[in-house]
Structure formats: structure tokens, C-alpha cells
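Trainee: Below: one structure in C-alpha cells.
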Amino acid sequence: MSYRKVNYEDVEQVSDAKHFLSEPLGCRQVGVTFSRCPPGWNSEPHDHVDDEHEEVYVLVSGTAEVRVDQESVPVEEGDAVWIAPEATRQIRNGEGVSAFVLISAPKFDSSESSDDAWNLTGFHG
């Protein structure tokens, strides 16, 4: 099959906010997490130095704050924040419910042959 589909509500919830979707989707090079954050919820501060994963946090509903290396980055619906592997990051939710899609991927070398490099040109059509 050339695609897989999963609904985050069908995936076991981890902690009190996250659903890890990579394994049920069968992802090989990208991490995908859906996070529905209850009021006042904070994620654990962490980085990705060891696995060299960069991350993008996309806020799909609500408002929240993403802390990056002690800097407050306010986010509202539609905002996307790229975070370097070595940066410490934490989601801090406010008074309402918010929802994020978190995407992570390992470091790749764009100088590799075209067969191995990722196509970063976006959607065709």
C-alpha cells in the first residue's frame, strides 16, 4: 500500500496530552505527534542533541507559548515554530485548550546523491 491513515483518537494517549503517530503510520524518517494540551499543561523541557532531530511545532488551534532556550515564543493558531536540535524546548499552555502537530526529522546531508536527498520543494500540482 502506498499510504497509511490513522486518526489520533485511535492511538493510545501518552502522558496527558500526546499521541505518537509515527509508529502507527509506519514512518521511517519523520516523527509525528499530535498534542491536545489541556488548560495549564506544560510539556517537559528537552532537547534533541543526541538524535540530532530538528522539530517544527504547528499550532492548529488555540494559543500557547513555546519556550526555546528560555525565550518565550507566543504562538497562535496557524503559527509554526522551527527548533534546532540543540535548543531546549517546552510547550506551555495557557487558560484554554490548544492543539499542536509536532514534526521531527533527523539531520540529513543535502550534498548526498539526489537519490538519497529529500525533496524540499513542496507540493506539486
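Chain labels follow the order of the C-alpha cells: the first chain is A, the next B, and so on; residue numbering restarts at 1 in every chain, and ligands are counted from 1 in their shown order.
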Env of Leu25 (chain A): 12 Å cut, atoms = only C-alpha atoms, seq-sep filter 6 positions within chain, self excluded. Answer as number ranges by chain.
Mentor: A: 1-8, 10-11, 19, 31-33
Trainee: Could you please take those selected residues and save C-alpha atoms as a short mmCIF file (atom, residue, chain, number, x, y, z; two decimals), in the first residue's frame?
Mentor:
data_model
loop_
_atom_site.label_atom_id
_atom_site.label_comp_id
_atom_site.auth_asym_id
_atom_site.auth_seq_id
_atom_site.Cartn_x
_atom_site.Cartn_y
_atom_site.Cartn_z
CA MET A 1 0.00 0.00 0.00
CA SER A 2 1.34 3.44 -0.87
CA TYR A 3 -0.30 5.28 2.05
CA ARG A 4 -1.45 4.76 5.62
CA LYS A 5 -4.15 6.61 7.51
CA VAL A 6 -4.68 6.91 11.24
CA ASN A 7 -6.84 9.09 13.48
CA TYR A 8 -5.01 10.35 16.55
CA ASP A 10 -7.44 5.76 17.77
CA VAL A 11 -3.85 5.89 19.05
CA HIS A 19 -0.48 10.80 20.71
CA GLY A 31 8.32 11.78 13.76
CA VAL A 32 4.72 12.97 14.05
CA THR A 33 2.94 13.70 17.31
#
Trainee: I need the residues of region 60-90 of chain A that end up classed as strand (DSSP E) by DSSP on the backbone, written out as a PDB file with N, CA and C atoms, in the first residue's frame.
Mentor:
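Result saved to states-v9.pdb:
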ATOM      1  N   VAL A  60      -2.416  24.197  15.699  1.00  0.00           N
ATOM      2  CA  VAL A  60      -3.595  24.099  14.836  1.00  0.00           C
ATOM      3  C   VAL A  60      -4.846  24.683  15.484  1.00  0.00           C
ATOM      4  N   SER A  61      -4.841  24.851  16.808  1.00  0.00           N
ATOM      5  CA  SER A  61      -5.953  25.548  17.458  1.00  0.00           C
ATOM      6  C   SER A  61      -5.510  26.093  18.806  1.00  0.00           C
ATOM      7  N   THR A  63      -4.158  29.050  21.635  1.00  0.00           N
ATOM      8  CA  THR A  63      -2.956  29.855  21.808  1.00  0.00           C
ATOM      9  C   THR A  63      -2.097  29.179  22.866  1.00  0.00           C
ATOM     10  N   ALA A  64      -0.805  29.416  22.807  1.00  0.00           N
ATOM     11  CA  ALA A  64       0.113  28.816  23.776  1.00  0.00           C
ATOM     12  C   ALA A  64       1.429  29.576  23.719  1.00  0.00           C
ATOM     13  N   GLU A  65       2.388  29.077  24.475  1.00  0.00           N
ATOM     14  CA  GLU A  65       3.747  29.613  24.468  1.00  0.00           C
ATOM     15  C   GLU A  65       4.698  28.441  24.251  1.00  0.00           C
ATOM     16  N   VAL A  66       5.676  28.641  23.387  1.00  0.00           N
ATOM     17  CA  VAL A  66       6.751  27.664  23.237  1.00  0.00           C
ATOM     18  C   VAL A  66       8.001  28.330  23.807  1.00  0.00           C
ATOM     19  N   ARG A  67       8.600  27.689  24.786  1.00  0.00           N
ATOM     20  CA  ARG A  67       9.852  28.197  25.364  1.00  0.00           C
ATOM     21  C   ARG A  67      11.000  27.551  24.606  1.00  0.00           C
ATOM     22  N   VAL A  68      11.895  28.380  24.057  1.00  0.00           N
ATOM     23  CA  VAL A  68      13.066  27.891  23.334  1.00  0.00           C
ATOM     24  C   VAL A  68      14.286  28.549  23.983  1.00  0.00           C
ATOM     25  N   GLU A  71      13.655  31.504  26.018  1.00  0.00           N
ATOM     26  CA  GLU A  71      12.960  32.604  25.346  1.00  0.00           C
ATOM     27  C   GLU A  71      11.507  32.216  25.131  1.00  0.00           C
ATOM     28  N   SER A  72      10.614  33.126  25.451  1.00  0.00           N
ATOM     29  CA  SER A  72       9.184  32.895  25.262  1.00  0.00           C
ATOM     30  C   SER A  72       8.796  33.222  23.825  1.00  0.00           C
ATOM     31  N   VAL A  73       8.171  32.252  23.152  1.00  0.00           N
ATOM     32  CA  VAL A  73       7.679  32.463  21.790  1.00  0.00           C
ATOM     33  C   VAL A  73       6.164  32.260  21.826  1.00  0.00           C
ATOM     34  N   PRO A  74       5.380  33.350  21.889  1.00  0.00           N
ATOM     35  CA  PRO A  74       3.931  33.198  21.877  1.00  0.00           C
ATOM     36  C   PRO A  74       3.474  32.682  20.512  1.00  0.00           C
ATOM     37  N   VAL A  75       2.549  31.720  20.516  1.00  0.00           N
ATOM     38  CA  VAL A  75       2.038  31.184  19.262  1.00  0.00           C
ATOM     39  C   VAL A  75       0.511  31.196  19.280  1.00  0.00           C
ATOM     40  N   GLU A  76      -0.042  31.428  18.119  1.00  0.00           N
ATOM     41  CA  GLU A  76      -1.490  31.380  17.952  1.00  0.00           C
ATOM     42  C   GLU A  76      -1.804  30.509  16.754  1.00  0.00           C
ATOM     43  N   ALA A  80       3.825  28.318  13.042  1.00  0.00           N
ATOM     44  CA  ALA A  80       4.759  27.190  13.043  1.00  0.00           C
ATOM     45  C   ALA A  80       6.087  27.697  13.576  1.00  0.00           C
ATOM     46  N   VAL A  81       6.719  26.907  14.443  1.00  0.00           N
ATOM     47  CA  VAL A  81       8.000  27.278  15.046  1.00  0.00           C
ATOM     48  C   VAL A  81       8.997  26.163  14.759  1.00  0.00           C
ATOM     49  N   TRP A  82      10.120  26.486  14.079  1.00  0.00           N
ATOM     50  CA  TRP A  82      11.209  25.543  13.859  1.00  0.00           C
ATOM     51  C   TRP A  82      12.143  25.619  15.046  1.00  0.00           C
ATOM     52  N   ILE A  83      12.631  24.453  15.527  1.00  0.00           N
ATOM     53  CA  ILE A  83      13.517  24.411  16.688  1.00  0.00           C
ATOM     54  C   ILE A  83      14.723  23.536  16.359  1.00  0.00           C
ATOM     55  N   ARG A  89      13.457  22.948  24.545  1.00  0.00           N
ATOM     56  CA  ARG A  89      12.116  23.413  24.177  1.00  0.00           C
ATOM     57  C   ARG A  89      11.078  22.887  25.153  1.00  0.00           C
ATOM     58  N   GLN A  90       9.991  23.651  25.292  1.00  0.00           N
ATOM     59  CA  GLN A  90       8.890  23.272  26.168  1.00  0.00           C
ATOM     60  C   GLN A  90       7.632  23.983  25.689  1.00  0.00           C
TER      61      GLN A  90
END
Trainee: Report, in Å with one decimal, the straight-line distance from CA of Gln13 (chain A) to CA of Arg36 (chain A).
Mentor: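 One can read the CA of Gln13 (chain A) to CA of Arg36 (chain A) distance as 9.9 Å.
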Trainee: Report, in Å with one decimal, the straight-line distance from CA of Pro106 (chain A) to CA of Gly26 (chain A).
Mentor: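 Between CA of Pro106 (chain A) and CA of Gly26 (chain A) the gap is 15.9 Å.
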